[in-house]
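Content type compact mmCIF, C-alpha atoms and all ligand atoms, from the file data-v1.txt:
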```txt
# COMPACT_ATOMS: atom_id res chain seq x y z
CA MET A 205 4.47 -12.53 -29.36
CA ASN A 206 0.99 -11.05 -29.67
CA PHE A 207 -0.08 -10.97 -26.01
CA ARG A 208 -2.18 -8.10 -24.70
CA VAL A 209 -2.52 -7.36 -20.98
CA ASN A 210 -5.19 -5.11 -19.44
CA ILE A 211 -4.47 -3.91 -15.90
CA VAL A 212 -7.25 -2.58 -13.67
CA GLY A 213 -5.92 0.00 -11.17
CA ALA A 214 -3.15 2.58 -11.47
CA GLY A 215 -1.88 2.17 -7.91
CA MET A 216 1.65 1.15 -7.10
CA SER A 217 1.35 -2.49 -8.22
CA GLY A 218 -0.57 -1.75 -11.45
CA LEU A 219 1.86 0.93 -12.58
CA ALA A 220 4.99 -1.06 -11.72
CA LEU A 221 3.59 -4.09 -13.57
CA ALA A 222 2.74 -1.95 -16.60
CA HIS A 223 6.38 -0.82 -16.73
CA GLY A 224 7.67 -4.37 -16.38
CA LEU A 225 5.45 -5.77 -19.14
CA HIS A 226 6.04 -2.82 -21.46
CA ARG A 227 9.79 -3.43 -21.18
CA LEU A 228 9.17 -7.02 -22.34
CA GLY A 229 7.55 -5.64 -25.50
CA ILE A 230 4.05 -6.65 -24.39
CA GLU A 231 1.07 -4.52 -25.35
CA VAL A 232 -0.30 -3.25 -22.04
CA ALA A 233 -2.97 -0.74 -20.96
CA VAL A 234 -4.00 0.48 -17.50
CA PHE A 235 -7.58 1.39 -16.52
CA GLU A 236 -8.06 3.61 -13.47
CA ARG A 237 -11.35 4.57 -11.83
CA ASP A 238 -10.17 8.01 -10.59
CA PRO A 239 -10.89 10.83 -13.05
CA PHE A 240 -7.28 12.06 -12.96
CA PRO A 241 -4.04 11.33 -11.07
CA GLY A 242 -4.08 12.81 -7.57
CA ALA A 243 -7.91 13.02 -7.54
CA ARG A 244 -7.94 11.90 -3.87
CA ALA A 245 -5.49 11.66 -0.98
CA GLN A 246 -4.33 8.04 -0.91
CA GLY A 247 -1.96 8.26 2.02
CA TYR A 248 1.46 9.77 2.51
CA ARG A 249 4.53 7.85 3.58
CA ILE A 250 5.43 4.51 2.05
CA GLN A 251 8.35 2.56 3.49
CA LEU A 252 9.93 0.20 1.02
CA ASP A 253 12.32 -2.50 2.14
CA ALA A 254 14.05 -5.27 0.20
CA PRO A 255 10.89 -6.94 -1.28
CA GLY A 256 9.42 -3.69 -2.60
CA LEU A 257 12.71 -2.23 -3.80
CA ASP A 258 13.64 -5.47 -5.58
CA GLY A 259 10.19 -5.58 -7.22
CA LEU A 260 10.46 -1.98 -8.35
CA ARG A 261 13.97 -2.55 -9.75
CA ARG A 262 12.77 -5.57 -11.72
CA CYS A 263 9.97 -3.59 -13.34
CA LEU A 264 11.39 -0.13 -14.02
CA PRO A 265 13.95 1.10 -16.53
CA PRO A 266 17.18 1.59 -14.49
CA GLU A 267 17.17 5.39 -14.85
CA LEU A 268 13.57 5.65 -13.60
CA TYR A 269 14.37 3.36 -10.68
CA GLU A 270 17.28 5.66 -9.75
CA SER A 271 15.02 8.73 -10.06
CA CYS A 272 12.57 7.12 -7.63
CA LEU A 273 15.34 6.34 -5.12
CA ALA A 274 16.57 9.94 -5.35
CA THR A 275 13.24 11.18 -3.92
CA ALA A 276 13.30 8.94 -0.84
CA ALA A 277 14.44 9.69 2.69
CA SER A 278 16.70 7.21 4.48
CA PRO A 279 16.22 7.61 8.22
CA PRO A 280 18.00 5.04 10.43
CA PRO A 281 16.56 1.63 9.38
CA ARG A 282 15.06 0.70 12.73
CA VAL A 283 11.52 0.55 14.09
CA THR A 284 11.13 1.69 17.68
CA VAL A 285 8.22 1.07 20.03
CA LEU A 286 7.87 3.43 23.01
CA ASP A 287 5.43 3.60 25.87
CA GLN A 288 3.48 6.81 26.49
CA HIS A 289 6.31 8.11 28.69
CA LEU A 290 8.76 7.46 25.80
CA LYS A 291 10.42 4.49 27.50
CA VAL A 292 11.76 2.10 24.86
CA LEU A 293 9.74 -1.13 24.71
CA ALA A 294 11.32 -2.53 21.53
CA ASP A 295 13.90 -1.41 19.02
CA ARG A 296 14.75 -3.53 16.01
CA ALA A 297 16.56 -3.23 12.70
CA VAL A 298 13.97 -3.55 9.92
CA SER A 299 15.65 -6.41 8.07
CA GLU A 300 18.66 -8.67 8.06
CA ARG A 301 19.95 -6.92 4.98
CA ALA A 302 19.58 -3.53 6.67
CA ARG A 303 21.38 -4.87 9.72
CA SER A 304 24.28 -6.04 7.60
CA GLY A 305 24.36 -2.69 5.81
CA MET A 306 23.47 -4.18 2.39
CA ILE A 307 20.36 -2.21 1.79
CA THR A 308 18.61 0.63 3.51
CA SER A 309 14.89 0.78 3.99
CA LEU A 310 13.64 3.95 2.37
CA ALA A 311 10.74 6.29 3.15
CA PHE A 312 8.99 7.48 -0.02
CA ASP A 313 6.24 9.99 -0.50
CA ARG A 314 3.45 7.98 -2.11
CA ALA A 315 2.21 10.78 -4.38
CA THR A 316 5.74 11.54 -5.65
CA LEU A 317 6.44 7.88 -6.32
CA ARG A 318 3.16 7.47 -8.18
CA GLN A 319 3.81 10.62 -10.24
CA LEU A 320 7.20 9.28 -11.27
CA LEU A 321 5.75 5.89 -12.21
CA LEU A 322 3.07 7.61 -14.29
CA ALA A 323 5.28 10.20 -15.95
CA GLY A 324 7.76 7.60 -17.13
CA LEU A 325 5.15 5.09 -18.38
CA PRO A 326 4.92 4.78 -22.16
CA ALA A 327 1.81 2.50 -21.98
CA ASP A 328 -1.77 3.83 -22.20
CA VAL A 329 -3.35 4.86 -18.89
CA HIS A 330 -7.11 5.46 -19.11
CA TYR A 331 -8.69 7.55 -16.32
CA GLY A 332 -12.37 7.57 -15.39
CA ALA A 333 -12.42 3.88 -16.32
CA GLN A 334 -14.28 2.04 -13.56
CA PHE A 335 -14.04 -1.70 -14.07
CA ALA A 336 -17.42 -3.41 -13.64
CA THR A 337 -17.06 -7.07 -14.65
CA TYR A 338 -15.48 -9.44 -17.16
CA ASP A 339 -16.38 -12.45 -19.24
CA GLN A 340 -14.44 -15.00 -21.22
CA LEU A 341 -14.77 -14.84 -25.01
CA PRO A 342 -15.07 -18.05 -27.10
CA ASP A 343 -11.41 -17.66 -28.18
CA GLY A 344 -10.33 -17.68 -24.50
CA ARG A 345 -9.53 -13.96 -24.29
CA ILE A 346 -10.99 -11.91 -21.43
CA ALA A 347 -13.36 -9.02 -22.15
CA ALA A 348 -13.27 -6.36 -19.41
CA HIS A 349 -16.44 -4.28 -19.06
CA PHE A 350 -16.32 -0.74 -17.69
CA ALA A 351 -19.04 1.38 -16.08
CA ASP A 352 -19.14 3.73 -19.08
CA GLY A 353 -20.01 0.82 -21.40
CA ARG A 354 -16.50 0.35 -22.79
CA ILE A 355 -15.46 -3.27 -23.41
CA VAL A 356 -11.77 -4.08 -23.83
CA ALA A 357 -10.47 -7.56 -24.65
CA GLY A 358 -7.04 -8.98 -23.86
CA ASP A 359 -5.15 -12.22 -23.24
CA LEU A 360 -4.66 -11.43 -19.56
CA LEU A 361 -6.69 -9.26 -17.19
CA VAL A 362 -4.85 -8.20 -14.02
CA GLY A 363 -6.79 -6.96 -11.00
CA ALA A 364 -4.52 -4.38 -9.35
CA ASP A 365 -7.55 -2.56 -8.00
CA GLY A 366 -6.82 -2.58 -4.28
CA VAL A 367 -8.58 -3.87 -1.21
CA ASN A 368 -12.15 -3.60 -2.54
CA SER A 369 -11.14 -5.15 -5.87
CA ALA A 370 -14.04 -5.64 -8.28
CA VAL A 371 -11.89 -8.09 -10.27
CA ARG A 372 -11.42 -10.24 -7.14
CA ARG A 373 -15.15 -10.09 -6.34
CA LYS A 374 -15.91 -11.58 -9.75
CA LEU A 375 -13.02 -14.08 -9.74
CA LEU A 376 -13.29 -15.18 -6.10
CA PRO A 377 -16.73 -14.18 -4.80
CA GLU A 378 -16.17 -16.21 -1.64
CA ALA A 379 -12.91 -14.41 -0.67
CA GLU A 380 -13.53 -12.30 2.40
CA ILE A 381 -12.20 -8.92 3.40
CA GLU A 382 -12.31 -8.49 7.16
CA ASP A 383 -12.51 -5.26 9.12
CA ALA A 384 -9.33 -5.33 11.24
CA GLY A 385 -11.16 -3.31 13.90
CA LEU A 386 -8.70 -0.40 13.63
CA ARG A 387 -9.29 3.21 12.63
CA LEU A 388 -6.56 5.75 11.93
CA ILE A 389 -6.32 9.51 11.60
CA TYR A 390 -3.43 10.17 9.26
CA GLY A 391 -1.69 13.38 8.23
CA LYS A 392 1.51 15.32 7.69
CA ILE A 393 3.70 17.62 9.75
CA PRO A 394 5.50 19.86 7.25
CA LEU A 395 9.29 20.35 7.49
CA PRO A 396 10.91 22.78 7.77
CA ASP A 397 8.20 24.62 9.57
CA PRO A 398 8.16 27.71 11.76
CA ALA A 399 7.18 25.30 14.51
CA ALA A 400 9.64 22.61 13.39
CA HIS A 401 11.21 22.56 16.83
CA ALA A 402 7.87 21.04 17.89
CA VAL A 403 9.02 17.77 16.34
CA PRO A 404 11.41 16.22 18.87
CA ASP A 405 14.75 14.73 17.77
CA TRP A 406 13.76 11.16 18.68
CA VAL A 407 11.28 11.17 15.77
CA PHE A 408 14.24 11.28 13.34
CA GLU A 409 16.17 8.47 15.00
CA SER A 410 14.09 5.64 13.48
CA ILE A 411 12.41 5.07 10.13
CA PHE A 412 9.20 4.58 12.13
CA THR A 413 8.32 4.99 15.79
CA VAL A 414 5.18 3.69 17.46
CA VAL A 415 4.16 5.25 20.77
CA LYS A 416 1.74 3.01 22.61
CA GLY A 417 -0.89 4.98 24.53
CA ALA A 418 -3.43 4.10 27.17
CA GLY A 419 -6.50 2.01 26.31
CA GLY A 420 -4.98 0.33 23.25
CA THR A 421 -4.32 3.62 21.41
CA HIS A 422 -1.17 4.40 19.49
CA MET A 423 0.60 7.17 17.64
CA GLY A 424 2.98 6.44 14.75
CA VAL A 425 5.55 8.84 13.30
CA GLY A 426 7.89 8.43 10.33
CA PRO A 427 10.11 11.09 8.71
CA VAL A 428 9.87 11.56 4.93
CA ARG A 429 11.88 14.13 2.90
CA ASN A 430 9.99 17.32 3.68
CA TYR A 431 7.47 16.19 6.27
CA VAL A 432 6.85 13.77 9.10
CA ALA A 433 3.95 11.36 8.55
CA CYS A 434 1.95 11.04 11.75
CA LEU A 435 -1.01 8.83 12.56
CA VAL A 436 -3.16 8.20 15.58
CA GLY A 437 -4.97 4.88 15.83
CA ALA A 438 -7.35 3.04 18.09
CA THR A 439 -9.70 0.10 18.02
CA THR A 440 -13.33 0.50 16.98
CA ASP A 441 -14.49 -0.19 20.56
CA HIS A 442 -12.55 2.76 22.00
CA PRO A 443 -15.11 4.91 23.88
CA CYS A 444 -14.26 8.05 21.84
CA MET A 445 -14.29 6.32 18.45
CA PRO A 446 -17.24 7.31 16.22
CA SER A 447 -18.48 5.19 13.33
CA PHE A 448 -16.35 5.35 10.20
CA ALA A 449 -19.18 7.16 8.39
CA GLU A 450 -19.08 9.86 11.07
CA MET A 451 -15.27 10.08 10.89
CA ARG A 452 -15.51 10.70 7.16
CA ARG A 453 -17.79 13.68 7.77
CA LEU A 454 -15.26 15.42 10.08
CA ASP A 455 -13.04 18.20 8.73
CA GLY A 456 -9.32 18.50 9.57
CA PRO A 457 -9.59 20.46 12.86
CA ASN A 458 -12.33 18.09 14.07
CA LEU A 459 -10.24 15.06 13.15
CA ARG A 460 -7.33 16.55 15.12
CA ASP A 461 -9.62 17.12 18.12
CA LEU A 462 -10.83 13.53 17.85
CA ALA A 463 -7.20 12.32 17.83
CA HIS A 464 -6.52 14.31 21.02
CA ARG A 465 -9.59 12.77 22.70
CA ILE A 466 -8.54 9.28 21.59
CA ILE A 467 -4.97 9.69 22.87
CA GLY A 468 -6.26 11.14 26.15
CA THR A 469 -4.00 12.51 28.88
CA GLY A 470 -1.15 11.37 31.10
CA HIS A 471 1.44 10.97 28.33
CA HIS A 472 4.79 12.66 27.68
CA PRO A 473 4.35 16.33 26.58
CA ASP A 474 6.13 15.56 23.26
CA ILE A 475 2.98 13.76 22.11
CA ASP A 476 0.87 16.92 22.37
CA ARG A 477 3.64 18.95 20.70
CA ILE A 478 3.65 16.54 17.77
CA LEU A 479 -0.12 16.45 17.36
CA GLY A 480 -0.23 20.23 17.71
CA SER A 481 2.00 20.59 14.63
CA TRP A 482 -0.13 18.42 12.31
CA ASP A 483 -1.23 20.25 9.15
CA THR A 484 -4.96 19.76 9.66
CA ALA A 485 -5.63 20.22 5.93
CA THR A 486 -3.86 16.90 5.32
CA LEU A 487 -5.80 14.81 7.86
CA ILE A 488 -7.73 11.81 6.54
CA PRO A 489 -9.57 8.98 8.35
CA LEU A 490 -8.66 5.39 7.41
CA ARG A 491 -10.34 2.06 8.07
CA ILE A 492 -7.95 -0.91 8.13
CA SER A 493 -8.94 -4.16 6.42
CA THR A 494 -7.26 -7.50 6.03
CA SER A 495 -7.77 -10.38 3.59
CA GLY A 496 -9.18 -13.72 4.67
CA ALA A 497 -7.71 -16.94 3.26
CA VAL A 498 -7.52 -17.09 -0.54
CA ARG A 499 -7.47 -20.38 -2.46
CA GLN A 500 -5.75 -20.70 -5.82
CA TRP A 501 -8.25 -20.09 -8.62
CA ASP A 502 -8.63 -21.89 -11.87
CA CYS A 503 -9.27 -19.21 -14.44
CA HIS A 504 -6.77 -18.82 -17.26
CA GLY A 505 -6.65 -15.20 -18.28
CA VAL A 506 -7.42 -13.40 -15.00
CA THR A 507 -4.97 -12.78 -12.17
CA LEU A 508 -4.51 -10.50 -9.15
CA VAL A 509 -1.70 -8.44 -7.64
CA GLY A 510 -1.32 -6.35 -4.49
CA ASP A 511 -4.06 -5.49 -1.99
CA ALA A 512 -6.64 -6.95 -4.39
CA VAL A 513 -5.49 -10.40 -3.23
CA HIS A 514 -3.61 -9.82 0.04
CA ALA A 515 -4.66 -6.72 1.98
CA MET A 516 -2.87 -6.58 5.32
CA SER A 517 -2.78 -4.15 8.22
CA PRO A 518 0.07 -1.64 7.95
CA VAL A 519 1.86 -2.62 11.19
CA LEU A 520 4.67 -4.41 9.36
CA ALA A 521 4.64 -1.93 6.44
CA MET A 522 4.56 -4.85 4.02
CA GLY A 523 1.45 -4.14 1.85
CA ALA A 524 3.09 -2.04 -0.86
CA ASN A 525 6.31 -4.02 -0.49
CA THR A 526 4.40 -7.18 -1.35
CA ALA A 527 2.35 -5.48 -4.09
CA LEU A 528 5.59 -4.41 -5.81
CA ARG A 529 7.09 -7.83 -5.24
CA ASP A 530 4.05 -9.29 -7.06
CA ALA A 531 4.61 -6.93 -9.99
CA GLY A 532 8.26 -8.03 -10.16
CA GLU A 533 7.46 -11.75 -9.84
CA LEU A 534 4.74 -11.63 -12.51
CA THR A 535 7.01 -9.72 -14.88
CA LEU A 536 9.79 -12.26 -14.28
CA ALA A 537 7.47 -15.24 -14.85
CA ILE A 538 6.10 -13.85 -18.14
CA SER A 539 9.60 -12.87 -19.26
CA ALA A 540 10.84 -16.45 -18.72
CA ALA A 541 7.87 -17.81 -20.71
CA LEU A 542 8.56 -15.45 -23.61
CA GLU A 543 12.24 -16.40 -23.66
CA SER A 544 11.55 -20.15 -23.62
CA GLY A 545 8.55 -19.97 -25.96
CA THR A 546 6.30 -21.61 -23.35
CA SER A 547 2.76 -20.60 -22.40
CA PRO A 548 2.52 -17.25 -20.59
CA HIS A 549 -0.69 -18.53 -18.93
CA ASP A 550 1.28 -21.36 -17.29
CA ALA A 551 3.81 -18.76 -16.13
CA VAL A 552 0.99 -16.69 -14.61
CA ARG A 553 -0.19 -19.79 -12.74
CA ARG A 554 3.30 -20.36 -11.34
CA TYR A 555 3.34 -16.71 -10.22
CA GLU A 556 -0.03 -17.26 -8.45
CA THR A 557 1.23 -20.35 -6.58
CA GLY A 558 4.33 -18.54 -5.30
CA MET A 559 2.50 -15.27 -4.56
CA LEU A 560 -0.23 -16.97 -2.51
CA GLU A 561 2.44 -18.71 -0.43
CA TYR A 562 4.54 -15.67 0.45
CA SER A 563 1.59 -13.28 0.81
CA SER A 564 -0.54 -15.50 3.06
CA ALA A 565 2.42 -15.75 5.46
CA LEU A 566 2.70 -11.94 5.51
CA VAL A 567 -1.04 -11.37 5.99
CA ALA A 568 -0.87 -13.74 8.99
CA ALA A 569 2.29 -12.11 10.40
CA SER A 570 0.75 -8.63 10.03
CA ARG A 571 -2.38 -9.83 11.82
CA ARG A 572 -0.33 -11.33 14.69
CA THR A 573 1.80 -8.21 15.09
CA GLY A 574 -1.30 -6.01 14.82
CA GLN A 575 -2.98 -8.00 17.59
CA GLU A 576 0.08 -7.78 19.86
CA ARG A 577 0.93 -4.17 19.18
CA VAL A 578 -2.23 -2.20 18.37
CA GLY A 579 -5.25 -4.33 19.30
CA GLN A 580 -6.13 -5.58 15.80
CA ARG A 581 -8.94 -8.16 15.75
C1 LIG B 1 -1.76 4.11 6.93
C2 LIG B 1 -1.13 3.13 5.97
C3 LIG B 1 0.25 3.12 5.86
C4 LIG B 1 0.87 2.21 5.01
N1 LIG B 1 2.23 2.20 4.95
C5 LIG B 1 2.84 1.28 4.19
C6 LIG B 1 4.27 1.24 4.14
O1 LIG B 1 4.96 2.07 4.74
N2 LIG B 1 4.86 0.25 3.39
C7 LIG B 1 4.11 -0.67 2.71
O2 LIG B 1 4.70 -1.56 2.08
N3 LIG B 1 2.76 -0.63 2.70
C8 LIG B 1 2.11 0.32 3.41
N4 LIG B 1 0.74 0.38 3.41
C9 LIG B 1 -0.03 -0.52 2.52
C10 LIG B 1 -0.08 0.04 1.09
O3 LIG B 1 -0.65 1.34 1.12
C11 LIG B 1 -0.90 -0.87 0.17
O4 LIG B 1 -0.56 -2.20 0.38
C12 LIG B 1 -0.63 -0.52 -1.30
O5 LIG B 1 -1.08 0.77 -1.61
C13 LIG B 1 -1.31 -1.54 -2.24
O6 LIG B 1 -1.06 -1.16 -3.56
P1 LIG B 1 -2.03 -1.68 -4.71
O7 LIG B 1 -1.41 -1.22 -5.98
O8 LIG B 1 -2.30 -3.12 -4.54
O9 LIG B 1 -3.43 -0.96 -4.45
P2 LIG B 1 -3.83 0.56 -4.36
O10 LIG B 1 -2.65 1.41 -4.05
O11 LIG B 1 -5.00 0.63 -3.45
O12 LIG B 1 -4.31 0.93 -5.83
C14 LIG B 1 -5.52 0.44 -6.36
C15 LIG B 1 -5.94 1.34 -7.51
O13 LIG B 1 -7.07 0.74 -8.17
C16 LIG B 1 -8.04 1.74 -8.43
N5 LIG B 1 -9.35 1.07 -8.50
C17 LIG B 1 -10.09 0.56 -7.49
N6 LIG B 1 -11.22 0.02 -7.96
C18 LIG B 1 -11.22 0.19 -9.30
C19 LIG B 1 -12.13 -0.16 -10.34
N7 LIG B 1 -13.29 -0.81 -10.09
N8 LIG B 1 -11.80 0.17 -11.62
C20 LIG B 1 -10.64 0.83 -11.90
N9 LIG B 1 -9.75 1.18 -10.95
C21 LIG B 1 -10.03 0.86 -9.66
C22 LIG B 1 -7.91 2.69 -7.25
O14 LIG B 1 -8.46 3.95 -7.55
C23 LIG B 1 -6.40 2.72 -7.05
O15 LIG B 1 -5.78 3.71 -7.85
C24 LIG B 1 0.09 1.30 4.24
C25 LIG B 1 -1.30 1.33 4.34
C26 LIG B 1 -1.91 2.24 5.20
C27 LIG B 1 -3.42 2.24 5.31
```
In structure tokens, what does this structure look like?
Ligand SMILES: Cc1cc2nc3c(=O)[nH]c(=O)nc-3n(C[C@H](O)[C@H](O)[C@H](O)COP(=O)(O)OP(=O)(O)OC[C@H]3O[C@@H](n4cnc5c(N)ncnc54)[C@H](O)[C@@H]3O)c2cc1C
Amino acid sequence: MNFRVNIVGAGMSGLALAHGLHRLGIEVAVFERDPFPGARAQGYRIQLDAPGLDGLRRCLPPELYESCLATAASPPPRVTVLDQHLKVLADRAVSERARSGMITSLAFDRATLRQLLLAGLPADVHYGAQFATYDQLPDGRIAAHFADGRIVAGDLLVGADGVNSAVRRKLLPEAEIEDAGLRLIYGKIPLPDPAAHAVPDWVFESIFTVVKGAGGTHMGVGPVRNYVACLVGATTDHPCMPSFAEMRRLDGPNLRDLAHRIIGTGHHPDIDRILGSWDTATLIPLRISTSGAVRQWDCHGVTLVGDAVHAMSPVLAMGANTALRDAGELTLAISAALESGTSPHDAVRRYETGMLEYSSALVAASRRTGQERVGQR
């Protein structure tokens, strides 16, 4: 069938979807705003559980899926919450399937995973292609317009362009993105390291550990293959928290000093040991956003996947999981339409109905957990 798909955004969901559609024999191209892969630090550790791993498996050729798995770490599949004196407040297995030993939750390095998805992708990926807007042509196809004046037409335009999605802004101008009221300082502790003994053993006993601090602050640590991802977070009304614009102007050592001021004093000495072993060159500030309610749209030819339609705070580590699930579900829906000779646009609509149902529940659950655990708005 002659069906061309243009995907905006070469993040996790856009690349996985491009693989899935390419394997169906569909002509697909990806348009990415960044000038080249790795142009900016996008984050470090990504935990994938059943939804994300299933989505990835649906989209990728089996050998590429196995190559991705081979890069991941598999720390014990439990999430632990400690108080600032390291007393256990909660300790839970990350999923039923993990509990029954059927599947492990895995900790990937985001950059490595993205590199693998890109290297193995036979479809065209265009860099320096900032999507601006789209319009519908008289024959029903969608013409995507880019900042450099390029116009590319296709039967389906997919917005996989993340939380500030320009595709969503055009499709659903009323959809709101809310500031979750949380700011993070995020970086890596390299392993092995001359100071590796600075990372205490308890860090490796869970796939992710949250240490709740005084005044609504928290520290999160999660082991990956050759580093430990470590973040410090607090609410925007914390007395030491500068504006996000100011945070973005701070260099690594100043971000580390800010993290120390935010975390304060009176905690277990392990916390200072961990923060002292951060590689300051890797530190980045992050602002956390969450999607408001999204209604189903009525535009044949344009759809959304991932954070573009359901940004959620990272407390449940479900954002990328759900983005990859979307890629898998959309691939499956279009595949079924091709096999039965029915309309792919109807299949896309069925994907949207299902996706909005499961993702709105996860956005709400992430918000609730964020409010309980880390003071999210
Ligand atoms: C600290 C932190 C930790 C997290 N940990 C986890 C975790 O462990 N597990 C998990 O499941 N989720 C996690 N998440 C969430 C996860 O990072 C996101 O949900 C995921 O990256 C969404 O993928 P995406 O493909 O939808 O969007 P993105 O990864 O944001 O990709 C969007 C792409 O679109 C491009 N783009 C944007 N605008 C345009 C434009 N106009 N034109 C062209 N291209 C454009 C961007 O450059 C980018 O490459 C975490 C988030 C944070 C902040």
Problem - Spatial neighbours of Val371 (chain A), 10 Å, all atoms listed in the file, chain gap at least 4 places, as a list in words - result: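 Returned residues: Val212, Phe335, Ala336, Thr337, Tyr338, Ala348, Leu361, Val362, Gly363, Ala364, Asp365, Gly366, Leu375, Leu376, Pro377, Val506, Thr507, Leu508, Ala512 and Val513 of chain A.
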Problem - Proximity to ligand LIG 1 (chain B) - best of A:Gly332, A:Pro446, A:Gly391, A:Pro518, all atoms listed in the file - result: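 So, comparing all the options, the nearest one is A:Pro518.
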Practice task
Could you please give me, as a list in words, the residues of protein, DNA or RNA lying at most 12 Å from (-14.3, 6.9, 21.0) in the coordinate frame of the file, considering all atoms listed in the file?
Solution key: Leu386, Arg387, Leu388, Gly419, Gly420, Thr421, Gly437, Ala438, Thr439, Thr440, Asp441, His442, Pro443, Cys444, Met445, Pro446, Ser447, Phe448, Glu450, Met451, Asp461, Leu462, Ala463, His464, Arg465, Ile466, Ile467 and Gly468 of chain A
Could the residues of chain A that have an atom at most 6 Å from ligand LIG 1 (chain B) be listed as JSON lines, each with its closest atom pair and the distance in Å to one decimal, counting all atoms listed in the file and ordered by chain and ascending residue number?
```
{"residue": "A:Val212", "atom": "CA", "partner": "B:LIG1", "partner_atom": "C20", "distance": 5.1}
{"residue": "A:Gly213", "atom": "CA", "partner": "B:LIG1", "partner_atom": "O13", "distance": 3.3}
{"residue": "A:Ala214", "atom": "CA", "partner": "B:LIG1", "partner_atom": "O15", "distance": 4.6}
{"residue": "A:Gly215", "atom": "CA", "partner": "B:LIG1", "partner_atom": "O12", "distance": 3.4}
{"residue": "A:Met216", "atom": "CA", "partner": "B:LIG1", "partner_atom": "O7", "distance": 4.0}
{"residue": "A:Ser217", "atom": "CA", "partner": "B:LIG1", "partner_atom": "O7", "distance": 3.8}
{"residue": "A:Gly218", "atom": "CA", "partner": "B:LIG1", "partner_atom": "O7", "distance": 5.6}
{"residue": "A:Phe235", "atom": "CA", "partner": "B:LIG1", "partner_atom": "C20", "distance": 5.6}
{"residue": "A:Glu236", "atom": "CA", "partner": "B:LIG1", "partner_atom": "N9", "distance": 3.9}
{"residue": "A:Arg237", "atom": "CA", "partner": "B:LIG1", "partner_atom": "C20", "distance": 3.8}
{"residue": "A:Asp238", "atom": "CA", "partner": "B:LIG1", "partner_atom": "O14", "distance": 5.4}
{"residue": "A:Arg249", "atom": "CA", "partner": "B:LIG1", "partner_atom": "O1", "distance": 5.9}
{"residue": "A:Ile250", "atom": "CA", "partner": "B:LIG1", "partner_atom": "O1", "distance": 3.7}
{"residue": "A:Gln251", "atom": "CA", "partner": "B:LIG1", "partner_atom": "O1", "distance": 3.6}
{"residue": "A:Leu252", "atom": "CA", "partner": "B:LIG1", "partner_atom": "N2", "distance": 5.6}
{"residue": "A:Ala333", "atom": "CA", "partner": "B:LIG1", "partner_atom": "C20", "distance": 5.7}
{"residue": "A:Gln334", "atom": "CA", "partner": "B:LIG1", "partner_atom": "N8", "distance": 3.7}
{"residue": "A:Phe335", "atom": "CA", "partner": "B:LIG1", "partner_atom": "N8", "distance": 3.8}
{"residue": "A:Ala364", "atom": "CA", "partner": "B:LIG1", "partner_atom": "O8", "distance": 5.4}
{"residue": "A:Asp365", "atom": "CA", "partner": "B:LIG1", "partner_atom": "O13", "distance": 3.3}
{"residue": "A:Gly366", "atom": "CA", "partner": "B:LIG1", "partner_atom": "O9", "distance": 3.8}
{"residue": "A:Ser369", "atom": "CA", "partner": "B:LIG1", "partner_atom": "N6", "distance": 5.6}
{"residue": "A:Ala370", "atom": "CA", "partner": "B:LIG1", "partner_atom": "N7", "distance": 5.2}
{"residue": "A:Gly510", "atom": "CA", "partner": "B:LIG1", "partner_atom": "O8", "distance": 3.4}
{"residue": "A:Asp511", "atom": "CA", "partner": "B:LIG1", "partner_atom": "O8", "distance": 3.9}
{"residue": "A:Ala512", "atom": "CA", "partner": "B:LIG1", "partner_atom": "O8", "distance": 5.8}
{"residue": "A:Pro518", "atom": "CA", "partner": "B:LIG1", "partner_atom": "C24", "distance": 4.7}
{"residue": "A:Ala521", "atom": "CA", "partner": "B:LIG1", "partner_atom": "N2", "distance": 3.8}
{"residue": "A:Met522", "atom": "CA", "partner": "B:LIG1", "partner_atom": "O2", "distance": 3.8}
{"residue": "A:Gly523", "atom": "CA", "partner": "B:LIG1", "partner_atom": "O4", "distance": 3.2}
{"residue": "A:Ala524", "atom": "CA", "partner": "B:LIG1", "partner_atom": "O2", "distance": 3.4}
{"residue": "A:Asn525", "atom": "CA", "partner": "B:LIG1", "partner_atom": "O2", "distance": 3.9}
{"residue": "A:Ala527", "atom": "CA", "partner": "B:LIG1", "partner_atom": "O8", "distance": 5.2}
```
Handout entry: Neighbour list for Glu378 (chain A) as a PyMOL selection string, cut-off 12 Å, only C-alpha atoms, skip fewer than 5 positions in-chain
Key = chain A and resi 372-373+495-499+501
